[in-house]
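Student: You'll find upload_2.txt just under this line, and it carries compact mmCIF, C-alpha atoms and all ligand atoms.
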```txt
# COMPACT_ATOMS: atom_id res chain seq x y z
CA MET A 207 -5.11 41.06 -68.07
CA ALA A 208 -2.15 42.72 -69.81
CA HIS A 209 1.35 42.01 -68.55
CA GLY A 210 4.10 44.55 -68.53
CA ARG A 211 7.83 44.16 -68.11
CA LEU A 212 10.02 44.55 -65.07
CA VAL A 213 13.55 45.61 -65.96
CA VAL A 214 16.05 46.02 -63.12
CA LEU A 215 19.21 48.13 -63.31
CA GLU A 216 21.92 46.78 -61.03
CA GLY A 217 25.60 47.17 -60.38
CA PRO A 218 28.11 48.49 -57.89
CA GLU A 219 28.23 52.08 -56.72
CA GLY A 220 28.74 54.67 -59.42
CA ALA A 221 28.00 52.17 -62.20
CA GLY A 222 25.51 54.61 -63.70
CA LYS A 223 22.23 52.85 -62.83
CA THR A 224 20.29 56.05 -62.18
CA THR A 225 21.66 57.75 -65.30
CA GLN A 226 20.89 54.76 -67.53
CA LEU A 227 17.43 54.32 -66.01
CA ARG A 228 16.59 57.91 -66.90
CA LEU A 229 17.86 57.53 -70.47
CA LEU A 230 16.03 54.23 -70.87
CA ALA A 231 12.77 55.70 -69.57
CA GLU A 232 13.05 58.56 -72.06
CA ARG A 233 13.75 56.24 -74.99
CA LEU A 234 11.01 53.73 -74.19
CA SER A 235 8.50 56.52 -73.55
CA ALA A 236 9.39 58.01 -76.93
CA ARG A 237 8.60 54.60 -78.43
CA GLY A 238 5.12 54.82 -76.97
CA GLU A 239 5.58 52.71 -73.85
CA THR A 240 4.06 53.69 -70.53
CA VAL A 241 7.09 53.61 -68.28
CA ILE A 242 7.47 54.05 -64.55
CA GLY A 243 10.86 54.38 -62.92
CA VAL A 244 11.32 53.51 -59.26
CA ARG A 245 14.24 52.93 -56.94
CA GLU A 246 15.04 50.88 -53.87
CA PRO A 247 14.85 51.64 -51.10
CA GLY A 248 11.92 53.99 -51.71
CA GLY A 249 9.27 54.41 -54.39
CA THR A 250 6.34 54.61 -51.95
CA ILE A 251 5.55 56.88 -49.01
CA LEU A 252 6.50 54.09 -46.60
CA GLY A 253 9.57 53.21 -48.66
CA ASP A 254 10.76 56.81 -48.66
CA GLU A 255 10.45 56.92 -44.86
CA ILE A 256 12.46 53.69 -44.65
CA ARG A 257 15.03 55.14 -47.08
CA THR A 258 15.52 58.11 -44.76
CA ILE A 259 16.10 55.76 -41.82
CA LEU A 260 18.46 53.49 -43.76
CA LEU A 261 20.52 56.09 -45.58
CA HIS A 262 20.19 59.36 -43.75
CA SER A 263 19.81 58.61 -40.05
CA ALA A 264 22.48 58.26 -37.40
CA LEU A 265 20.63 55.36 -35.77
CA ASP A 266 22.37 52.19 -34.71
CA ILE A 267 20.96 49.58 -37.15
CA VAL A 268 22.14 46.00 -36.80
CA PRO A 269 22.59 44.00 -40.05
CA ARG A 270 19.42 41.90 -39.58
CA ALA A 271 17.34 45.01 -38.92
CA GLU A 272 18.94 46.66 -41.94
CA ALA A 273 18.06 43.70 -44.16
CA LEU A 274 14.46 43.62 -42.93
CA LEU A 275 14.05 47.36 -43.47
CA PHE A 276 15.17 46.95 -47.09
CA MET A 277 12.69 44.07 -47.36
CA ALA A 278 9.84 46.13 -45.90
CA SER A 279 10.47 48.85 -48.46
CA ARG A 280 10.56 46.18 -51.20
CA ALA A 281 7.31 44.54 -50.10
CA GLN A 282 5.46 47.86 -50.15
CA LEU A 283 6.94 48.82 -53.53
CA VAL A 284 6.09 45.49 -55.15
CA GLU A 285 2.51 45.38 -53.92
CA ARG A 286 1.58 49.04 -54.25
CA GLU A 287 3.50 50.09 -57.38
CA ILE A 288 5.18 47.34 -59.36
CA ARG A 289 2.44 44.69 -59.50
CA PRO A 290 -0.32 47.16 -60.43
CA ALA A 291 1.88 48.68 -63.15
CA LEU A 292 2.72 45.26 -64.58
CA ASP A 293 -0.93 44.25 -64.47
CA ALA A 294 -1.74 47.42 -66.43
CA GLY A 295 0.81 46.38 -69.08
CA ASP A 296 3.33 49.10 -68.21
CA THR A 297 7.10 48.86 -68.26
CA VAL A 298 8.69 49.20 -64.82
CA LEU A 299 12.32 50.26 -64.57
CA LEU A 300 13.72 49.52 -61.14
CA ASP A 301 16.96 50.91 -59.72
CA ARG A 302 18.31 48.00 -57.60
CA PHE A 303 16.54 44.85 -56.40
CA PHE A 304 17.64 41.34 -55.27
CA LEU A 305 21.27 41.63 -56.26
CA ALA A 306 21.82 44.62 -53.99
CA THR A 307 20.57 42.64 -51.00
CA TYR A 308 22.79 39.68 -51.80
CA ALA A 309 25.75 42.02 -52.28
CA TYR A 310 25.35 44.48 -49.40
CA GLN A 311 23.57 42.49 -46.68
CA GLY A 312 24.82 39.05 -47.77
CA VAL A 313 28.44 39.45 -48.77
CA GLY A 314 28.94 42.92 -47.28
CA ARG A 315 27.34 42.40 -43.87
CA GLY A 316 27.79 38.62 -43.77
CA LEU A 317 24.14 37.55 -43.40
CA PRO A 318 23.36 33.98 -44.56
CA PRO A 319 22.24 34.00 -48.22
CA ASN A 320 19.49 31.45 -47.63
CA ASP A 321 17.91 33.66 -44.94
CA LEU A 322 18.01 36.59 -47.37
CA ARG A 323 16.49 34.44 -50.09
CA ALA A 324 13.61 33.47 -47.79
CA ALA A 325 13.01 37.06 -46.69
CA ASN A 326 13.12 38.18 -50.32
CA ALA A 327 10.45 35.63 -51.21
CA ILE A 328 8.17 37.18 -48.59
CA ALA A 329 8.94 40.70 -49.78
CA THR A 330 8.36 40.02 -53.48
CA ASN A 331 5.66 37.38 -53.18
CA GLY A 332 7.49 35.48 -55.90
CA LEU A 333 7.92 38.33 -58.40
CA VAL A 334 10.82 37.62 -60.78
CA PRO A 335 12.26 40.41 -63.00
CA HIS A 336 11.92 39.86 -66.75
CA LEU A 337 15.45 41.16 -67.17
CA THR A 338 18.22 42.48 -64.93
CA ILE A 339 20.84 44.66 -66.59
CA LEU A 340 23.99 44.27 -64.52
CA LEU A 341 26.31 47.21 -65.21
CA THR A 342 29.91 46.08 -64.81
CA LEU A 343 32.98 48.25 -64.29
CA PRO A 344 36.16 48.17 -62.24
CA ALA A 345 35.41 49.05 -58.60
CA GLU A 346 37.83 51.99 -58.59
CA VAL A 347 36.08 53.59 -61.59
CA GLY A 348 32.67 53.35 -59.91
CA LEU A 349 33.94 54.64 -56.60
CA ALA A 350 35.69 57.55 -58.34
CA ARG A 351 32.44 58.48 -60.11
CA ALA A 352 30.50 58.25 -56.85
CA ALA A 353 33.16 60.34 -55.07
CA GLU A 354 32.97 62.99 -57.79
CA ARG A 355 29.19 63.12 -57.37
CA GLY A 356 29.76 63.82 -53.66
CA GLY A 357 27.58 63.16 -50.59
CA HIS A 358 28.03 60.25 -48.23
CA ASP A 359 25.02 58.41 -46.87
CA ARG A 360 25.03 55.80 -44.07
CA MET A 361 25.81 52.92 -46.46
CA GLU A 362 28.51 54.84 -48.32
CA ARG A 363 30.21 55.67 -45.01
CA ALA A 364 30.80 51.95 -44.31
CA GLU A 365 34.47 50.99 -44.17
CA LEU A 366 36.48 50.40 -47.36
CA ALA A 367 36.67 46.63 -46.75
CA PHE A 368 32.86 46.50 -46.84
CA HIS A 369 32.78 48.21 -50.24
CA GLU A 370 35.52 45.94 -51.53
CA ARG A 371 33.45 42.87 -50.52
CA VAL A 372 30.40 44.36 -52.25
CA ALA A 373 32.38 45.05 -55.44
CA ARG A 374 33.70 41.45 -55.45
CA ALA A 375 30.15 40.17 -54.90
CA TYR A 376 28.96 41.92 -58.06
CA GLU A 377 31.84 40.30 -59.94
CA GLU A 378 30.67 36.91 -58.70
CA PHE A 379 27.05 37.67 -59.71
CA ALA A 380 28.31 38.16 -63.25
CA THR A 381 29.28 34.50 -63.52
CA PRO A 382 26.97 31.91 -65.12
CA GLU A 383 27.49 29.58 -62.10
CA TRP A 384 26.09 32.15 -59.65
CA GLN A 385 23.18 33.00 -61.95
CA ARG A 386 22.25 29.31 -62.41
CA ALA A 387 22.12 28.95 -58.60
CA HIS A 388 19.81 31.99 -58.24
CA PRO A 389 16.81 31.54 -60.51
CA GLU A 390 14.78 33.88 -58.28
CA CYS A 391 16.75 36.76 -59.85
CA GLY A 392 15.54 35.94 -63.37
CA PRO A 393 17.69 36.48 -66.47
CA ILE A 394 20.73 38.70 -65.98
CA VAL A 395 22.59 40.36 -68.84
CA LEU A 396 25.96 42.00 -68.33
CA VAL A 397 26.55 45.45 -69.81
CA ASP A 398 29.98 47.08 -69.85
CA ALA A 399 29.52 50.37 -67.95
CA THR A 400 32.87 51.94 -68.89
CA GLY A 401 33.02 54.82 -71.37
CA SER A 402 30.67 57.74 -71.88
CA GLU A 403 27.03 57.77 -70.76
CA ALA A 404 25.99 57.63 -74.42
CA ALA A 405 28.25 54.65 -75.14
CA VAL A 406 26.87 52.77 -72.14
CA PHE A 407 23.33 53.63 -73.18
CA ASP A 408 23.89 52.17 -76.67
CA ARG A 409 24.86 48.89 -74.95
CA VAL A 410 21.84 49.04 -72.62
CA MET A 411 19.49 49.54 -75.59
CA ALA A 412 21.16 46.70 -77.45
CA ALA A 413 20.48 44.43 -74.47
CA ILE A 414 16.83 45.55 -74.33
CA ASP A 415 16.31 45.10 -78.07
CA GLU A 416 17.90 41.68 -77.96
CA ARG A 417 15.56 40.59 -75.15
CA TRP A 418 12.54 42.26 -76.78
CA PRO A 419 13.04 42.97 -80.48
CA ALA A 420 12.17 46.65 -81.08
CA SER A 421 8.98 45.80 -82.97
CA SER A 422 7.47 44.20 -79.86
CA LEU A 423 8.11 47.33 -77.80
CA SER A 424 6.81 49.95 -80.20
N1 LIG B 501 21.09 48.79 -50.74
C1 LIG B 501 21.31 47.73 -49.90
O1 LIG B 501 22.23 47.75 -49.08
N2 LIG B 501 20.47 46.66 -49.95
C2 LIG B 501 19.41 46.61 -50.80
O2 LIG B 501 18.67 45.61 -50.81
C3 LIG B 501 19.19 47.73 -51.67
C4 LIG B 501 20.06 48.80 -51.61
C5 LIG B 501 18.03 47.72 -52.62
C6 LIG B 501 21.01 52.98 -52.15
O3 LIG B 501 21.69 54.11 -52.50
C7 LIG B 501 21.90 52.23 -51.17
O4 LIG B 501 21.19 51.14 -50.61
C8 LIG B 501 23.10 51.64 -51.86
C9 LIG B 501 22.88 50.15 -51.83
C10 LIG B 501 21.99 49.98 -50.67
N3 LIG B 501 24.23 51.98 -51.06
N4 LIG B 501 25.37 52.15 -51.20
N5 LIG B 501 26.44 52.42 -50.89
P1 LIG B 501 21.25 55.13 -53.63
O5 LIG B 501 19.90 54.75 -54.14
O6 LIG B 501 21.40 56.49 -53.06
O7 LIG B 501 22.37 55.02 -54.70
P2 LIG B 501 23.09 53.79 -55.37
O8 LIG B 501 22.06 52.76 -55.71
O9 LIG B 501 24.23 53.39 -54.52
O10 LIG B 501 23.63 54.37 -56.74
P3 LIG B 501 24.84 55.33 -56.92
O11 LIG B 501 26.06 54.83 -56.29
O12 LIG B 501 24.38 56.69 -56.50
O13 LIG B 501 25.21 55.33 -58.40
P4 LIG B 501 24.49 54.88 -59.75
O14 LIG B 501 23.01 55.11 -59.70
O15 LIG B 501 24.97 53.57 -60.18
O16 LIG B 501 25.14 55.94 -60.74
P5 LIG B 501 24.62 57.40 -61.22
O17 LIG B 501 23.98 58.13 -60.07
O18 LIG B 501 23.89 57.28 -62.46
O19 LIG B 501 26.04 58.02 -61.52
C11 LIG B 501 26.97 58.31 -60.49
C12 LIG B 501 27.86 59.50 -60.95
O20 LIG B 501 28.61 59.08 -62.09
C13 LIG B 501 27.06 60.72 -61.40
O21 LIG B 501 27.77 61.86 -61.06
C14 LIG B 501 26.95 60.56 -62.91
O22 LIG B 501 26.81 61.77 -63.58
C15 LIG B 501 28.28 59.88 -63.22
N6 LIG B 501 28.21 58.97 -64.37
C16 LIG B 501 27.21 58.12 -64.69
N7 LIG B 501 27.51 57.44 -65.82
C17 LIG B 501 28.75 57.85 -66.18
C18 LIG B 501 29.62 57.52 -67.26
N8 LIG B 501 29.28 56.60 -68.19
N9 LIG B 501 30.81 58.11 -67.33
C19 LIG B 501 31.19 59.04 -66.40
N10 LIG B 501 30.39 59.42 -65.35
C20 LIG B 501 29.20 58.83 -65.26
```
Represent the structure of the file as structure tokens.
Tutor:
Amino acid sequence: MAHGRLVVLEGPEGAGKTTQLRLLAERLSARGETVIGVREPGGTILGDEIRTILLHSALDIVPRAEALLFMASRAQLVEREIRPALDAGDTVLLDRFFLATYAYQGVGRGLPPNDLRAANAIATNGLVPHLTILLTLPAEVGLARAAERGGHDRMERAELAFHERVARAYEEFATPEWQRAHPECGPIVLVDATGSEAAVFDRVMAAIDERWPASSLS
């Protein structure tokens, strides 16, 4: 059976994950790859329903329920979309995965990381990304970009201190010590997300081509 690649785009709010995912999908498709792009939460009918509850409802959702809802969306996405695509040899580009849970529900909401790790293992059934591109930029730059884009969902409406904890968490995830302690996340490469979209994309492609020399992708 053929095996595709799972590439995750991660980073704090406004880092440009969605923008870079779109550019990457276009470039890899132009190289002849079959590419699917999905996001968390979402990517399936069930996941989209969960996304509406998590981001666009006014429901009272306690942190443990929030974490498990993200996990339910992840389990459905992995089994129904990601695994089949990888088995077919496709490239899957995923907007957020493990790191978001560790940042938002772990550091942000204060849930124990080992509980999240165990829940993640159930949700992913052991799937490890082939590469995570962690977009890094100063928190204020990301928040300014997100503010300019407008719209405030349930997560974005959380208090400033929550977002500051999340931003610091992503800084910690960038360290080799954290990455060594979290092998379930797979290899993580840092990409500077400051500058124009085109400049960031050049860095993203450089990271992809370093991990998979261009000849093996085309
Ligand atoms: N969440 C969680 O809590 N736990 C989990 O396990 C998971 C997720 C998986 C999903 O929100 C929320 O769920 C998220 C984490 C939480 N909550 N928060 N807060 P989402 O899917 O709606 O969006 P997001 O993941 O938070 O992404 P984002 O903040 O919307 O931004 P982004 O995807 O990184 O950036 P973008 O959309 O590509 O760009 C943002 C704006 O900046 C836009 O106007 C762009 O045109 C602009 N942009 C992009 N790149 C540049 C550059 N280079 N220069 C200038 N401007 C730029």
Student: Point out the residue among A:Arg351, A:His336, A:Arg228, A:His369 with the least atom-to-atom distance to ligand LIG 501 (chain B), counting only C-alpha atoms and all ligand atoms.
Tutor: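 That would be A:Arg351, the residue with the smallest distance to ligand LIG 501 (chain B).
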Student: With all atoms listed in the file as the basis for distance, which of A:Leu274, A:Ile394, A:Val298, A:Val372 is at the shortest distance from A:Leu322?
Tutor: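 Of A:Leu274, A:Ile394, A:Val298, A:Val372, the one nearest A:Leu322, counting all atoms listed in the file, is A:Leu274.
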Student: Which is closest to A:Pro269 among A:Ala291, A:Ala327, A:Val313, A:Val213, if we use all atoms listed in the file?
Tutor: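 Nearest candidate to A:Pro269 out of A:Ala291, A:Ala327, A:Val313, A:Val213: A:Val313.
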Student: May I ask for the distance between atom CA of A:Phe276 and atom O2 of ligand LIG 501 (chain B), given in Å to one decimal place?
Tutor: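 Atom O2 of ligand LIG 501 (chain B) lies 5.3 Å from atom CA of A:Phe276.
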Student: Set out as a tab-separated table a contact list for chain A and ligand LIG 501 (chain B) with a cut-off of 8 Å, giving each residue of chain A that qualifies its closest atom pair and distance in Å to one decimal, counting all atoms listed in the file, ordered by chain and rising residue number.
Tutor:
```
residue	atom	partner	partner_atom	distance
A:Glu216	CA	B:LIG501	O15	7.5
A:Gly217	CA	B:LIG501	O15	6.4
A:Pro218	CA	B:LIG501	O15	6.4
A:Glu219	CA	B:LIG501	O11	3.5
A:Gly220	CA	B:LIG501	O13	3.7
A:Ala221	CA	B:LIG501	O15	3.9
A:Gly222	CA	B:LIG501	O16	3.3
A:Lys223	CA	B:LIG501	O15	3.9
A:Thr224	CA	B:LIG501	O14	3.8
A:Thr225	CA	B:LIG501	O18	3.6
A:Gln226	CA	B:LIG501	O18	6.4
A:Leu227	CA	B:LIG501	O18	7.9
A:Arg245	CA	B:LIG501	O5	6.6
A:Glu246	CA	B:LIG501	C5	4.5
A:Pro247	CA	B:LIG501	C5	5.3
A:Leu260	CA	B:LIG501	O4	7.7
A:Leu261	CA	B:LIG501	C7	6.9
A:Glu272	CA	B:LIG501	O1	7.9
A:Ala273	CA	B:LIG501	N2	6.9
A:Phe276	CA	B:LIG501	O2	5.3
A:Met277	CA	B:LIG501	O2	7.1
A:Arg280	CA	B:LIG501	C5	7.8
A:Asp301	CA	B:LIG501	O8	6.7
A:Arg302	CA	B:LIG501	C5	5.0
A:Phe303	CA	B:LIG501	C5	5.0
A:Phe304	CA	B:LIG501	O2	6.3
A:Leu305	CA	B:LIG501	O2	7.2
A:Ala306	CA	B:LIG501	C2	4.5
A:Thr307	CA	B:LIG501	O2	3.5
A:Tyr308	CA	B:LIG501	O2	7.3
A:Ala309	CA	B:LIG501	N2	7.4
A:Tyr310	CA	B:LIG501	O1	4.5
A:Gln311	CA	B:LIG501	O1	5.9
A:Gly348	CA	B:LIG501	O20	7.4
A:Leu349	CA	B:LIG501	O11	7.9
A:Arg351	CA	B:LIG501	O20	4.4
A:Ala352	CA	B:LIG501	C12	5.0
A:Ala353	CA	B:LIG501	C12	8.0
A:Glu354	CA	B:LIG501	O21	6.2
A:Arg355	CA	B:LIG501	O21	4.1
A:Gly356	CA	B:LIG501	O21	7.9
A:Asp359	CA	B:LIG501	N5	7.4
A:Arg360	CA	B:LIG501	N5	7.7
A:Met361	CA	B:LIG501	N5	4.5
A:Glu362	CA	B:LIG501	N5	4.1
A:Arg363	CA	B:LIG501	N5	7.7
A:Ala364	CA	B:LIG501	N5	7.9
A:His369	CA	B:LIG501	N5	7.6
A:Ala399	CA	B:LIG501	N8	6.2
A:Thr400	CA	B:LIG501	N8	5.9
A:Gly401	CA	B:LIG501	N8	5.2
A:Ser402	CA	B:LIG501	N8	4.1
A:Glu403	CA	B:LIG501	N8	3.6
A:Ala404	CA	B:LIG501	N8	7.1
A:Ala405	CA	B:LIG501	N8	7.3
A:Val406	CA	B:LIG501	N8	6.0
```
Student: If we count all atoms listed in the file, what is near stretch 385-390 of chain A at a cut-off of 8 Å, once residues fewer than 4 positions away on the same chain are taken out, given as a PyMOL selection string?
Tutor: chain A and resi 332+334+379-381+394
